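Enquirer: One file is attached below, coords-v3.pdb, containing PDB, C-alpha atoms and all ligand atoms.
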ATOM      1  CA  MET A 475      -5.702 -28.853  48.953
ATOM      2  CA  LEU A 476      -3.086 -29.657  46.310
ATOM      3  CA  ARG A 477      -2.483 -28.005  42.952
ATOM      4  CA  ARG A 478      -0.631 -29.199  39.873
ATOM      5  CA  LEU A 479      -0.269 -28.237  36.225
ATOM      6  CA  ILE A 480      -1.175 -30.881  33.669
ATOM      7  CA  LEU A 481      -0.958 -30.766  29.886
ATOM      8  CA  SER A 482      -4.382 -30.833  28.200
ATOM      9  CA  ARG A 483      -5.461 -32.479  24.937
ATOM     10  CA  ASN A 484      -4.815 -29.261  22.980
ATOM     11  CA  ASN A 485      -1.371 -28.793  24.555
ATOM     12  CA  THR A 486      -2.290 -25.909  26.873
ATOM     13  CA  PHE A 487      -1.533 -26.173  30.546
ATOM     14  CA  ILE A 488      -4.387 -26.962  32.848
ATOM     15  CA  ASN A 489      -4.370 -25.906  36.446
ATOM     16  CA  CYS A 490      -5.684 -28.890  38.351
ATOM     17  CA  ARG A 491      -6.942 -28.571  41.893
ATOM     18  CA  TYR A 492      -7.591 -31.720  43.824
ATOM     19  CA  ALA A 493      -7.834 -32.926  47.351
ATOM     20  CA  SER A 494      -7.356 -36.400  48.647
ATOM     21  CA  GLN A 495     -10.684 -38.262  48.686
ATOM     22  CA  SER A 496     -12.354 -35.317  47.001
ATOM     23  CA  MET A 497     -15.740 -35.952  45.384
ATOM     24  CA  VAL A 498     -15.281 -32.964  43.072
ATOM     25  CA  GLN A 499     -12.349 -32.527  40.703
ATOM     26  CA  THR A 500     -11.645 -29.236  38.952
ATOM     27  CA  THR A 501      -9.348 -28.389  36.088
ATOM     28  CA  VAL A 502      -8.902 -24.870  34.737
ATOM     29  CA  ASP A 503      -7.587 -24.331  31.220
ATOM     30  CA  GLU A 504      -4.953 -21.637  31.700
ATOM     31  CA  LYS A 505      -5.419 -20.279  28.179
ATOM     32  CA  SER A 506      -9.205 -19.894  28.102
ATOM     33  CA  GLY A 507      -9.801 -19.589  31.851
ATOM     34  CA  ILE A 508     -12.591 -22.158  31.556
ATOM     35  CA  ALA A 509     -13.010 -24.594  34.438
ATOM     36  CA  THR A 510     -14.310 -28.139  34.224
ATOM     37  CA  VAL A 511     -15.881 -29.350  37.449
ATOM     38  CA  THR A 512     -16.325 -33.111  37.580
ATOM     39  CA  MET A 513     -18.683 -34.701  40.101
ATOM     40  CA  ASN A 514     -17.261 -37.994  41.246
ATOM     41  CA  LYS A 515     -19.229 -39.620  44.027
ATOM     42  CA  SER A 516     -19.754 -43.302  43.420
ATOM     43  CA  PRO A 517     -22.027 -45.014  42.617
ATOM     44  CA  VAL A 518     -24.531 -42.406  41.325
ATOM     45  CA  ASN A 519     -23.439 -38.849  42.320
ATOM     46  CA  SER A 520     -26.347 -38.643  44.772
ATOM     47  CA  LEU A 521     -26.302 -35.213  46.402
ATOM     48  CA  ASN A 522     -25.834 -35.629  50.153
ATOM     49  CA  LEU A 523     -24.821 -32.955  52.675
ATOM     50  CA  GLU A 524     -21.048 -33.363  52.305
ATOM     51  CA  PHE A 525     -21.159 -33.559  48.497
ATOM     52  CA  LEU A 526     -23.315 -30.433  48.217
ATOM     53  CA  ASP A 527     -20.970 -28.618  50.566
ATOM     54  CA  GLU A 528     -17.992 -29.565  48.383
ATOM     55  CA  ILE A 529     -19.738 -28.412  45.217
ATOM     56  CA  LYS A 530     -20.669 -25.082  46.841
ATOM     57  CA  THR A 531     -17.119 -24.545  48.130
ATOM     58  CA  GLU A 532     -15.728 -25.292  44.670
ATOM     59  CA  LEU A 533     -18.099 -22.828  42.967
ATOM     60  CA  ASN A 534     -17.139 -20.128  45.460
ATOM     61  CA  LYS A 535     -13.441 -20.802  44.767
ATOM     62  CA  LEU A 536     -14.003 -20.482  41.029
ATOM     63  CA  GLU A 537     -15.717 -17.143  41.598
ATOM     64  CA  LYS A 538     -12.780 -15.952  43.699
ATOM     65  CA  ASP A 539     -10.317 -17.173  41.046
ATOM     66  CA  LYS A 540     -12.293 -15.215  38.420
ATOM     67  CA  VAL A 541     -12.629 -18.081  35.959
ATOM     68  CA  LYS A 542     -14.142 -17.201  32.590
ATOM     69  CA  GLY A 543     -16.664 -20.037  32.530
ATOM     70  CA  MET A 544     -17.436 -23.460  33.924
ATOM     71  CA  MET A 545     -18.547 -26.841  32.604
ATOM     72  CA  LEU A 546     -20.273 -29.107  35.116
ATOM     73  CA  THR A 547     -20.003 -32.790  34.335
ATOM     74  CA  SER A 548     -19.767 -36.258  35.846
ATOM     75  CA  GLY A 549     -16.827 -38.611  36.155
ATOM     76  CA  LEU A 550     -19.159 -41.634  36.354
ATOM     77  CA  GLN A 551     -19.859 -43.930  33.423
ATOM     78  CA  LYS A 552     -23.593 -43.370  32.834
ATOM     79  CA  ILE A 553     -24.910 -41.034  35.496
ATOM     80  CA  PHE A 554     -24.712 -37.239  35.610
ATOM     81  CA  SER A 555     -26.379 -37.170  39.033
ATOM     82  CA  ALA A 556     -29.122 -39.338  40.586
ATOM     83  CA  GLY A 557     -30.429 -36.200  42.313
ATOM     84  CA  LEU A 558     -30.762 -35.663  46.017
ATOM     85  CA  ASP A 559     -29.537 -38.497  48.193
ATOM     86  CA  ILE A 560     -32.798 -40.078  49.295
ATOM     87  CA  THR A 561     -31.148 -41.497  52.421
ATOM     88  CA  GLU A 562     -30.834 -37.878  53.654
ATOM     89  CA  PHE A 563     -34.607 -37.725  54.000
ATOM     90  CA  TYR A 564     -35.672 -41.321  54.580
ATOM     91  CA  ASN A 565     -35.810 -41.924  58.350
ATOM     92  CA  PRO A 566     -33.808 -38.730  58.802
ATOM     93  CA  ASN A 567     -32.055 -37.189  61.743
ATOM     94  CA  PRO A 568     -33.969 -33.861  61.970
ATOM     95  CA  ASP A 569     -30.853 -31.729  62.653
ATOM     96  CA  ARG A 570     -28.962 -33.227  59.747
ATOM     97  CA  LEU A 571     -32.034 -32.907  57.506
ATOM     98  CA  SER A 572     -32.183 -29.147  58.270
ATOM     99  CA  LYS A 573     -28.488 -28.773  57.562
ATOM    100  CA  PHE A 574     -28.832 -30.793  54.360
ATOM    101  CA  TRP A 575     -31.724 -28.699  53.059
ATOM    102  CA  SER A 576     -30.136 -25.333  53.844
ATOM    103  CA  THR A 577     -26.911 -26.499  52.178
ATOM    104  CA  LEU A 578     -28.949 -27.471  49.120
ATOM    105  CA  GLN A 579     -30.586 -24.015  49.089
ATOM    106  CA  ASP A 580     -27.178 -22.297  49.311
ATOM    107  CA  THR A 581     -25.518 -24.542  46.728
ATOM    108  CA  TRP A 582     -28.342 -23.959  44.290
ATOM    109  CA  LEU A 583     -28.249 -20.178  44.833
ATOM    110  CA  THR A 584     -24.482 -20.202  44.238
ATOM    111  CA  LEU A 585     -24.838 -22.240  41.029
ATOM    112  CA  TYR A 586     -27.842 -20.310  39.715
ATOM    113  CA  LYS A 587     -26.201 -16.924  40.309
ATOM    114  CA  THR A 588     -22.611 -17.553  39.165
ATOM    115  CA  PRO A 589     -20.955 -14.412  37.763
ATOM    116  CA  PHE A 590     -19.379 -16.598  35.061
ATOM    117  CA  PRO A 591     -21.248 -18.508  32.304
ATOM    118  CA  THR A 592     -21.920 -22.195  32.883
ATOM    119  CA  ALA A 593     -22.654 -25.248  30.744
ATOM    120  CA  ALA A 594     -23.892 -28.638  31.931
ATOM    121  CA  ILE A 595     -22.281 -31.553  30.126
ATOM    122  CA  ILE A 596     -24.940 -34.172  30.843
ATOM    123  CA  ASN A 597     -23.067 -37.403  30.263
ATOM    124  CA  GLY A 598     -25.543 -39.695  31.990
ATOM    125  CA  HIS A 599     -28.971 -39.970  33.642
ATOM    126  CA  SER A 600     -30.105 -36.813  35.339
ATOM    127  CA  PRO A 601     -33.243 -37.214  37.444
ATOM    128  CA  ALA A 602     -34.696 -34.670  39.917
ATOM    129  CA  GLY A 603     -31.874 -32.790  41.717
ATOM    130  CA  GLY A 604     -29.529 -33.773  38.853
ATOM    131  CA  CYS A 605     -31.935 -32.149  36.402
ATOM    132  CA  LEU A 606     -32.208 -29.104  38.712
ATOM    133  CA  PHE A 607     -28.431 -28.618  38.640
ATOM    134  CA  ALA A 608     -28.325 -29.016  34.847
ATOM    135  CA  MET A 609     -31.217 -26.542  34.427
ATOM    136  CA  SER A 610     -29.410 -24.057  36.661
ATOM    137  CA  CYS A 611     -26.528 -23.802  34.202
ATOM    138  CA  ASP A 612     -26.783 -21.344  31.298
ATOM    139  CA  TYR A 613     -26.591 -24.081  28.630
ATOM    140  CA  ARG A 614     -27.131 -27.830  28.466
ATOM    141  CA  ILE A 615     -25.407 -30.367  26.229
ATOM    142  CA  MET A 616     -26.530 -33.967  26.625
ATOM    143  CA  VAL A 617     -24.756 -37.053  25.403
ATOM    144  CA  GLY A 618     -27.333 -39.165  23.569
ATOM    145  CA  PRO A 619     -29.269 -41.219  23.037
ATOM    146  CA  LYS A 620     -29.380 -43.566  26.055
ATOM    147  CA  TYR A 621     -29.869 -41.238  29.019
ATOM    148  CA  THR A 622     -32.879 -39.572  30.594
ATOM    149  CA  ILE A 623     -33.507 -36.256  32.331
ATOM    150  CA  GLY A 624     -36.430 -34.696  34.191
ATOM    151  CA  LEU A 625     -38.010 -33.728  37.490
ATOM    152  CA  ASN A 626     -39.545 -37.051  38.568
ATOM    153  CA  GLU A 627     -40.512 -36.098  42.144
ATOM    154  CA  THR A 628     -44.192 -37.082  41.774
ATOM    155  CA  LYS A 629     -43.013 -40.632  40.947
ATOM    156  CA  LEU A 630     -41.506 -40.747  44.436
ATOM    157  CA  GLY A 631     -44.766 -39.474  45.961
ATOM    158  CA  ILE A 632     -43.198 -36.103  46.766
ATOM    159  CA  VAL A 633     -43.566 -32.583  45.442
ATOM    160  CA  ALA A 634     -40.864 -30.487  43.776
ATOM    161  CA  PRO A 635     -40.390 -27.250  45.761
ATOM    162  CA  LYS A 636     -41.428 -23.936  44.182
ATOM    163  CA  TRP A 637     -37.864 -22.961  43.269
ATOM    164  CA  PHE A 638     -37.307 -26.287  41.448
ATOM    165  CA  ILE A 639     -40.548 -25.631  39.560
ATOM    166  CA  ASP A 640     -39.659 -22.012  38.744
ATOM    167  CA  THR A 641     -36.257 -23.121  37.452
ATOM    168  CA  MET A 642     -37.960 -25.549  35.080
ATOM    169  CA  VAL A 643     -40.557 -22.978  33.980
ATOM    170  CA  ALA A 644     -37.691 -20.603  33.130
ATOM    171  CA  VAL A 645     -36.186 -23.242  30.827
ATOM    172  CA  ILE A 646     -39.187 -24.843  29.087
ATOM    173  CA  GLY A 647     -42.146 -22.563  29.878
ATOM    174  CA  GLN A 648     -45.225 -22.930  32.064
ATOM    175  CA  ARG A 649     -47.255 -25.421  30.025
ATOM    176  CA  LYS A 650     -44.488 -27.925  29.323
ATOM    177  CA  ALA A 651     -43.204 -27.618  32.896
ATOM    178  CA  GLU A 652     -46.659 -28.330  34.307
ATOM    179  CA  ILE A 653     -47.027 -31.518  32.250
ATOM    180  CA  SER A 654     -43.445 -32.604  33.016
ATOM    181  CA  LEU A 655     -43.800 -32.005  36.741
ATOM    182  CA  THR A 656     -47.233 -33.480  37.339
ATOM    183  CA  THR A 657     -46.392 -36.645  35.398
ATOM    184  CA  GLY A 658     -42.835 -36.847  36.782
ATOM    185  CA  LYS A 659     -41.708 -37.439  33.204
ATOM    186  CA  MET A 660     -38.150 -38.504  32.484
ATOM    187  CA  TYR A 661     -37.248 -37.423  28.936
ATOM    188  CA  THR A 662     -34.893 -39.189  26.559
ATOM    189  CA  THR A 663     -32.196 -37.006  24.992
ATOM    190  CA  ASP A 664     -34.257 -36.540  21.804
ATOM    191  CA  GLU A 665     -37.418 -35.675  23.726
ATOM    192  CA  ALA A 666     -35.503 -33.271  25.965
ATOM    193  CA  LEU A 667     -34.071 -31.536  22.898
ATOM    194  CA  HIS A 668     -37.535 -31.341  21.367
ATOM    195  CA  ILE A 669     -39.083 -29.567  24.390
ATOM    196  CA  GLY A 670     -36.044 -27.324  24.950
ATOM    197  CA  LEU A 671     -34.958 -28.931  28.224
ATOM    198  CA  ILE A 672     -31.496 -29.316  26.674
ATOM    199  CA  ASP A 673     -29.855 -27.140  24.025
ATOM    200  CA  GLU A 674     -27.791 -29.752  22.166
ATOM    201  CA  SER A 675     -27.625 -33.500  21.816
ATOM    202  CA  VAL A 676     -24.217 -34.914  20.871
ATOM    203  CA  PRO A 677     -22.940 -38.469  20.346
ATOM    204  CA  ASP A 678     -20.050 -38.523  22.841
ATOM    205  CA  VAL A 679     -18.448 -36.743  25.789
ATOM    206  CA  ASN A 680     -15.523 -35.275  23.829
ATOM    207  CA  THR A 681     -17.935 -33.583  21.417
ATOM    208  CA  ALA A 682     -19.952 -32.351  24.387
ATOM    209  CA  LEU A 683     -16.831 -30.787  25.953
ATOM    210  CA  THR A 684     -15.851 -29.180  22.632
ATOM    211  CA  GLN A 685     -19.338 -27.723  22.222
ATOM    212  CA  GLY A 686     -19.341 -26.573  25.845
ATOM    213  CA  ASN A 687     -16.058 -24.729  25.293
ATOM    214  CA  LEU A 688     -17.478 -23.192  22.097
ATOM    215  CA  PHE A 689     -20.538 -21.909  23.955
ATOM    216  CA  LEU A 690     -18.505 -20.510  26.851
ATOM    217  CA  ASN A 691     -15.908 -18.910  24.580
ATOM    218  CA  ASN A 692     -18.678 -16.731  23.090
ATOM    219  CA  PHE A 693     -18.541 -14.776  26.333
ATOM    220  CA  GLN A 694     -14.928 -13.679  25.739
ATOM    221  CA  ARG A 695     -16.547 -11.004  23.555
ATOM    222  CA  ILE A 696     -19.185  -9.974  26.144
ATOM    223  CA  SER A 697     -18.552  -7.595  29.026
ATOM    224  CA  PRO A 698     -18.567  -9.684  32.262
ATOM    225  CA  TRP A 699     -20.543  -6.906  33.940
ATOM    226  CA  ALA A 700     -23.185  -6.876  31.176
ATOM    227  CA  TYR A 701     -23.362 -10.691  31.346
ATOM    228  CA  LYS A 702     -23.847 -10.763  35.112
ATOM    229  CA  MET A 703     -26.399  -7.935  35.223
ATOM    230  CA  THR A 704     -28.465  -9.579  32.477
ATOM    231  CA  LYS A 705     -28.369 -12.961  34.234
ATOM    232  CA  ASP A 706     -29.302 -11.362  37.568
ATOM    233  CA  ILE A 707     -32.275  -9.542  36.059
ATOM    234  CA  THR A 708     -33.478 -12.611  34.156
ATOM    235  CA  ARG A 709     -33.224 -14.919  37.188
ATOM    236  CA  GLN A 710     -34.172 -12.330  39.816
ATOM    237  CA  SER A 711     -37.717 -13.432  40.726
ATOM    238  CA  THR A 712     -36.783 -17.105  41.240
ATOM    239  CA  VAL A 713     -33.690 -16.205  43.273
ATOM    240  CA  GLN A 714     -35.446 -13.533  45.326
ATOM    241  CA  TRP A 715     -38.307 -15.851  46.222
ATOM    242  CA  LEU A 716     -35.915 -18.320  47.831
ATOM    243  CA  ILE A 717     -33.872 -15.615  49.562
ATOM    244  CA  ASP A 718     -37.079 -14.153  51.048
ATOM    245  CA  ASN A 719     -38.538 -17.556  51.975
ATOM    246  CA  LYS A 720     -35.475 -19.591  52.988
ATOM    247  CA  GLN A 721     -36.646 -20.340  56.514
ATOM    248  CA  LYS A 722     -40.249 -20.975  55.443
ATOM    249  CA  ASP A 723     -39.070 -23.353  52.713
ATOM    250  CA  LEU A 724     -36.783 -25.146  55.181
ATOM    251  CA  ASP A 725     -39.449 -25.492  57.900
ATOM    252  CA  PHE A 726     -42.008 -26.725  55.424
ATOM    253  CA  VAL A 727     -39.712 -29.281  53.793
ATOM    254  CA  VAL A 728     -38.417 -30.637  57.105
ATOM    255  CA  THR A 729     -41.956 -31.121  58.422
ATOM    256  CA  TYR A 730     -43.352 -32.446  55.153
ATOM    257  CA  LEU A 731     -40.549 -34.936  54.561
ATOM    258  CA  GLN A 732     -40.956 -36.435  58.023
ATOM    259  CA  SER A 733     -44.696 -37.039  57.651
ATOM    260  CA  ALA A 734     -45.757 -40.695  57.812
ATOM    261  CA  GLU A 735     -47.284 -40.642  54.325
ATOM    262  CA  VAL A 736     -44.140 -39.256  52.646
ATOM    263  CA  GLN A 737     -41.897 -41.632  54.597
ATOM    264  CA  LYS A 738     -44.004 -44.556  53.419
ATOM    265  CA  SER A 739     -43.735 -43.492  49.753
ATOM    266  CA  LEU A 740     -39.997 -42.962  50.079
ATOM    267  CA  GLY A 741     -39.531 -46.380  51.702
ATOM    268  CA  LEU A 742     -41.360 -48.067  48.838
ATOM    269  CA  TYR A 743     -39.373 -46.106  46.245
ATOM    270  CA  LEU A 744     -36.048 -46.965  47.884
ATOM    271  CA  GLN A 745     -37.071 -50.617  47.996
ATOM    272  CA  SER A 746     -37.894 -50.528  44.277
ATOM    273  CA  LEU A 747     -34.460 -49.033  43.576
ATOM    274  CA  LYS A 748     -32.725 -51.803  45.515
ATOM    275  CA  LYS A 749     -34.629 -54.374  43.466
TER
HETATM  276  C1  LIG B   1     -46.095 -27.513  48.459
HETATM  277  C2  LIG B   1     -44.605 -27.677  48.256
HETATM  278  C3  LIG B   1     -44.098 -28.872  48.942
HETATM  279  C4  LIG B   1     -42.609 -28.954  48.837
HETATM  280  C5  LIG B   1     -42.106 -30.076  49.628
HETATM  281  C6  LIG B   1     -40.689 -30.412  49.280
HETATM  282  C7  LIG B   1     -40.361 -31.817  49.559
HETATM  283  C8  LIG B   1     -38.961 -32.214  49.234
HETATM  284  C9  LIG B   1     -38.672 -32.351  47.818
HETATM  285  C10 LIG B   1     -37.457 -33.154  47.590
HETATM  286  C11 LIG B   1     -37.043 -33.058  46.174
HETATM  287  C12 LIG B   1     -36.274 -34.241  45.768
HETATM  288  C13 LIG B   1     -35.415 -34.235  44.802
HETATM  289  C14 LIG B   1     -34.611 -35.422  44.428
HETATM  290  O1  LIG B   1     -33.628 -35.299  43.770
HETATM  291  S1  LIG B   1     -35.109 -36.971  44.996
HETATM  292  C15 LIG B   1     -34.069 -38.132  44.182
HETATM  293  C16 LIG B   1     -34.687 -38.539  42.889
HETATM  294  N1  LIG B   1     -33.807 -39.462  42.195
HETATM  295  C17 LIG B   1     -34.227 -40.556  41.615
HETATM  296  O2  LIG B   1     -35.407 -40.869  41.601
HETATM  297  C18 LIG B   1     -33.175 -41.418  40.983
HETATM  298  C19 LIG B   1     -33.243 -42.786  41.462
HETATM  299  N2  LIG B   1     -32.187 -43.593  40.886
HETATM  300  C20 LIG B   1     -32.247 -44.128  39.656
HETATM  301  O3  LIG B   1     -33.167 -43.945  38.904
HETATM  302  C21 LIG B   1     -31.102 -45.006  39.259
HETATM  303  O4  LIG B   1     -30.385 -45.350  40.419
HETATM  304  C22 LIG B   1     -30.111 -44.361  38.265
HETATM  305  C23 LIG B   1     -30.779 -44.259  36.880
HETATM  306  C24 LIG B   1     -29.636 -42.990  38.725
HETATM  307  C25 LIG B   1     -28.857 -45.276  38.138
HETATM  308  O5  LIG B   1     -29.264 -46.576  37.816
HETATM  309  P1  LIG B   1     -28.214 -47.794  37.971
HETATM  310  O6  LIG B   1     -28.925 -49.019  37.509
HETATM  311  O7  LIG B   1     -26.930 -47.459  37.349
HETATM  312  O8  LIG B   1     -27.900 -47.846  39.514
HETATM  313  P2  LIG B   1     -28.822 -48.429  40.687
HETATM  314  O9  LIG B   1     -30.231 -48.066  40.486
HETATM  315  O10 LIG B   1     -28.505 -49.861  40.881
HETATM  316  O11 LIG B   1     -28.283 -47.587  41.932
HETATM  317  C26 LIG B   1     -27.031 -47.857  42.550
HETATM  318  C27 LIG B   1     -27.179 -47.620  44.035
HETATM  319  O12 LIG B   1     -27.435 -46.242  44.247
HETATM  320  C28 LIG B   1     -28.636 -46.075  45.003
HETATM  321  N3  LIG B   1     -29.311 -44.831  44.578
HETATM  322  C29 LIG B   1     -29.724 -44.513  43.365
HETATM  323  N4  LIG B   1     -30.233 -43.290  43.338
HETATM  324  C30 LIG B   1     -30.161 -42.815  44.593
HETATM  325  C31 LIG B   1     -30.556 -41.587  45.219
HETATM  326  N5  LIG B   1     -31.103 -40.566  44.560
HETATM  327  N6  LIG B   1     -30.325 -41.461  46.540
HETATM  328  C32 LIG B   1     -29.761 -42.451  47.249
HETATM  329  N7  LIG B   1     -29.375 -43.637  46.713
HETATM  330  C33 LIG B   1     -29.576 -43.806  45.402
HETATM  331  C34 LIG B   1     -29.444 -47.319  44.666
HETATM  332  O13 LIG B   1     -30.396 -47.555  45.651
HETATM  333  C35 LIG B   1     -28.372 -48.359  44.622
HETATM  334  O14 LIG B   1     -28.045 -48.683  45.970
HETATM  335  P3  LIG B   1     -27.544 -50.162  46.372
HETATM  336  O15 LIG B   1     -26.267 -50.360  45.643
HETATM  337  O16 LIG B   1     -27.387 -50.091  47.855
HETATM  338  O17 LIG B   1     -28.616 -51.096  45.927
END
Using C-alpha cells, write down the structure that the file contains.
Ligand SMILES: CCCCCCCCCCC/C=C/C(=O)SCCNC(=O)CCNC(=O)[C@H](O)C(C)(C)COP(=O)(O)OP(=O)(O)OC[C@H]1O[C@@H](n2cnc3c(N)ncnc32)[C@H](O)[C@@H]1OP(=O)(O)O
Expert:
Amino acid sequence: MLRRLILSRNNTFINCRYASQSMVQTTVDEKSGIATVTMNKSPVNSLNLEFLDEIKTELNKLEKDKVKGMMLTSGLQKIFSAGLDITEFYNPNPDRLSKFWSTLQDTWLTLYKTPFPTAAIINGHSPAGGCLFAMSCDYRIMVGPKYTIGLNETKLGIVAPKWFIDTMVAVIGQRKAEISLTTGKMYTTDEALHIGLIDESVPDVNTALTQGNLFLNNFQRISPWAYKMTKDITRQSTVQWLIDNKQKDLDFVVTYLQSAEVQKSLGLYLQSLKK
C-alpha cells in the first residue's frame, strides 16, 4: 500500500491511499478528516468477491484511522454500481459462492454500522446491490436526471433477502418498499427524490461532492459517541437479525441460488444484458 499527499481543489492537502491495481481509491481531506472512497472496477462496478473484500478492508481502515466522515462514489462515467456480480451466482462454484455471500454480509454490516457518518454520491445507475450500498449510507445525493436506482431483484426472477428489504423499509417505509420490491422498480432521480429514496438531486458530480461535504460537516458539532449510539439504536433490529441469522441466510441463499429455476432465470437475464 502506498500513500501520498496531494493538493485538493480548495488548496488543503489530501492524504491519498492507493495500491497498484486497486479497485478502490481513497482520499482523506486532512483539514476536515472526510474521506472519499471511489469504486473503480470497470466496466460497471459489479460487486464480486474480491471487490467486496477490498471495500470492506477500506472501511475498516477508515474506522481505524478515525476519519470524520466518508463519501462513497464511483469513478466510472455513468454507473455507481451495477449491484452484485451476477457471474458469482450463475453456474457458481459452491465454495466460492459461500465465500462471496459471507463477504457480502460482512461488507454490508461494516458499511451499515460505520462509527462515522456516510454519504452516497450516486453518480450513475444504481440497481440492486448498488442501491443497497447507497441506502446503507446515512445520506444520498444523486446526480440527475439520467440515472436510475432501485432494488430490481424480481426482474431477475430472484428475491431480495430480508436484510435488503429491511434496509429499504428503513429508508422509504413499508408501503413504498413493498411496491418497489415486488415490481422491481428502478426509479429515475426525480422519482427517487419524490419517494425519499434519495435526499437530494443535483445537476453534477462537483455539486454532489460539495453537498456531501456540507452534510458530513454537520457532524463536527455532534458528539461522535452520541452519533454512533443513535445510529446503533436506530439500525439495531436490521443489524441484529443478520448477526443472529448469518449462517441460516448463507445456507438458504446458496441452496436457493443453485436451484434449476433460479439458474434458468439468471441465464436469461444475463443473455438479455449481453444483447
Ligand atoms: C425468501 C428469501 C429468499 C432470499 C434469497 C436470496 C437470493 C439472492 C439474492 C441476490 C440479490 C441480488 C442482488 C443483485 O445486485 S443482482 C444484480 C442486479 N443488477 C442488475 O440487474 C444490473 C444489470 N446491469 C445493467 O442494468 C446495466 O449493465 C447497467 C445499467 C448497470 C450499465 O449499462 P451499460 O449499457 O453501460 O453497460 P452494459 O449493460 O453493456 O454492461 C457492460 C458489461 O457488464 C456486464 N454486467 C452488467 N451488470 C452486471 C452485473 N450486475 N453482474 C455481472 N455483469 C454485469 C454486462 O453483461 C456487460 O458485459 P459484456 O461486456 O460481457 O457484454
Enquirer: Per residue of chain A within 6 Å of ligand LIG 1 (chain B), which atom pair is closest and at what distance in Å (one decimal), using all atoms listed in the file, listed by chain and increasing number, as JSON lines?
Expert:
{"residue": "A:Pro517", "atom": "CA", "partner": "B:LIG1", "partner_atom": "C26", "distance": 5.8}
{"residue": "A:Val518", "atom": "CA", "partner": "B:LIG1", "partner_atom": "O12", "distance": 5.6}
{"residue": "A:Ser520", "atom": "CA", "partner": "B:LIG1", "partner_atom": "N5", "distance": 5.1}
{"residue": "A:Ala556", "atom": "CA", "partner": "B:LIG1", "partner_atom": "C24", "distance": 4.1}
{"residue": "A:Gly557", "atom": "CA", "partner": "B:LIG1", "partner_atom": "O1", "distance": 3.6}
{"residue": "A:Leu558", "atom": "CA", "partner": "B:LIG1", "partner_atom": "O1", "distance": 3.7}
{"residue": "A:Asp559", "atom": "CA", "partner": "B:LIG1", "partner_atom": "N6", "distance": 3.5}
{"residue": "A:Ile560", "atom": "CA", "partner": "B:LIG1", "partner_atom": "N6", "distance": 4.0}
{"residue": "A:Thr561", "atom": "CA", "partner": "B:LIG1", "partner_atom": "C32", "distance": 5.4}
{"residue": "A:His599", "atom": "CA", "partner": "B:LIG1", "partner_atom": "C23", "distance": 5.7}
{"residue": "A:Pro601", "atom": "CA", "partner": "B:LIG1", "partner_atom": "N1", "distance": 5.3}
{"residue": "A:Ala602", "atom": "CA", "partner": "B:LIG1", "partner_atom": "O1", "distance": 4.0}
{"residue": "A:Gly603", "atom": "CA", "partner": "B:LIG1", "partner_atom": "O1", "distance": 3.7}
{"residue": "A:Glu627", "atom": "CA", "partner": "B:LIG1", "partner_atom": "C12", "distance": 5.9}
{"residue": "A:Ile632", "atom": "CA", "partner": "B:LIG1", "partner_atom": "C7", "distance": 5.8}
{"residue": "A:Val633", "atom": "CA", "partner": "B:LIG1", "partner_atom": "C4", "distance": 5.1}
{"residue": "A:Ala634", "atom": "CA", "partner": "B:LIG1", "partner_atom": "C9", "distance": 5.0}
{"residue": "A:Pro635", "atom": "CA", "partner": "B:LIG1", "partner_atom": "C4", "distance": 4.2}
{"residue": "A:Val727", "atom": "CA", "partner": "B:LIG1", "partner_atom": "C6", "distance": 4.8}
{"residue": "A:Leu731", "atom": "CA", "partner": "B:LIG1", "partner_atom": "C7", "distance": 5.9}
{"residue": "A:Leu747", "atom": "CA", "partner": "B:LIG1", "partner_atom": "O13", "distance": 4.8}
{"residue": "A:Lys748", "atom": "CA", "partner": "B:LIG1", "partner_atom": "O17", "distance": 4.2}
Enquirer: Find the residues of segment 644-721 of chain A that sit at most 10 Å from segment 493-508 of chain A; for each, write down the nearest two atoms and how far apart they are in Å, to one decimal. Count only C-alpha atoms. Sort by chain, then by number going up, and give it as a tab-separated table.
Expert:
residue	atom	partner	partner_atom	distance
A:Gly686	CA	A:Ile508	CA	9.9
A:Asn687	CA	A:Ile508	CA	7.6
A:Leu690	CA	A:Ile508	CA	7.7
A:Asn691	CA	A:Ser506	CA	7.6
A:Gln694	CA	A:Ser506	CA	8.8
Enquirer: Just to be explicit: take each residue in the selection above, keep C-alpha atoms, and write the result as a PDB file, in the frame of the given file.
Expert:
ATOM      1  CA  GLY A 686     -19.341 -26.573  25.845  1.00  0.00           C
ATOM      2  CA  ASN A 687     -16.058 -24.729  25.293  1.00  0.00           C
ATOM      3  CA  LEU A 690     -18.505 -20.510  26.851  1.00  0.00           C
ATOM      4  CA  ASN A 691     -15.908 -18.910  24.580  1.00  0.00           C
ATOM      5  CA  GLN A 694     -14.928 -13.679  25.739  1.00  0.00           C
TER       6      GLN A 694
END
Enquirer: Smallest atom-to-atom distance to Val713 of chain A: which of A:Leu630, A:Leu583, A:Val728, A:Ala594, using only C-alpha atoms?
Expert: A:Leu583
Enquirer: What's the separation between atom CA of Lys620 of chain A and atom CA of Thr663 of chain A, in Å to one decimal place?
Expert: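 Result for atom CA of Lys620 of chain A versus atom CA of Thr663 of chain A: 7.2 Å, one decimal.
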Enquirer: Please measure the separation of atom CA of Glu665 of chain A and atom CA of Phe638 of chain A, giving the value in Å to one decimal.
Expert: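 For atom CA of Glu665 of chain A relative to atom CA of Phe638 of chain A, the distance reads 20.1 Å.
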Enquirer: Residues around (-15.8, -18.7, 32.2), cut-off 12 Å, counting all atoms listed in the file - what are they as a count of residues only?
Expert: 43
Enquirer: Could you tell me which of A:Gln579, A:Ser555, A:Thr656, A:Ser516 comes closest to Gln721 of chain A if we count only C-alpha atoms?
Expert: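 Selected residue with least distance to Gln721 of chain A: A:Gln579.
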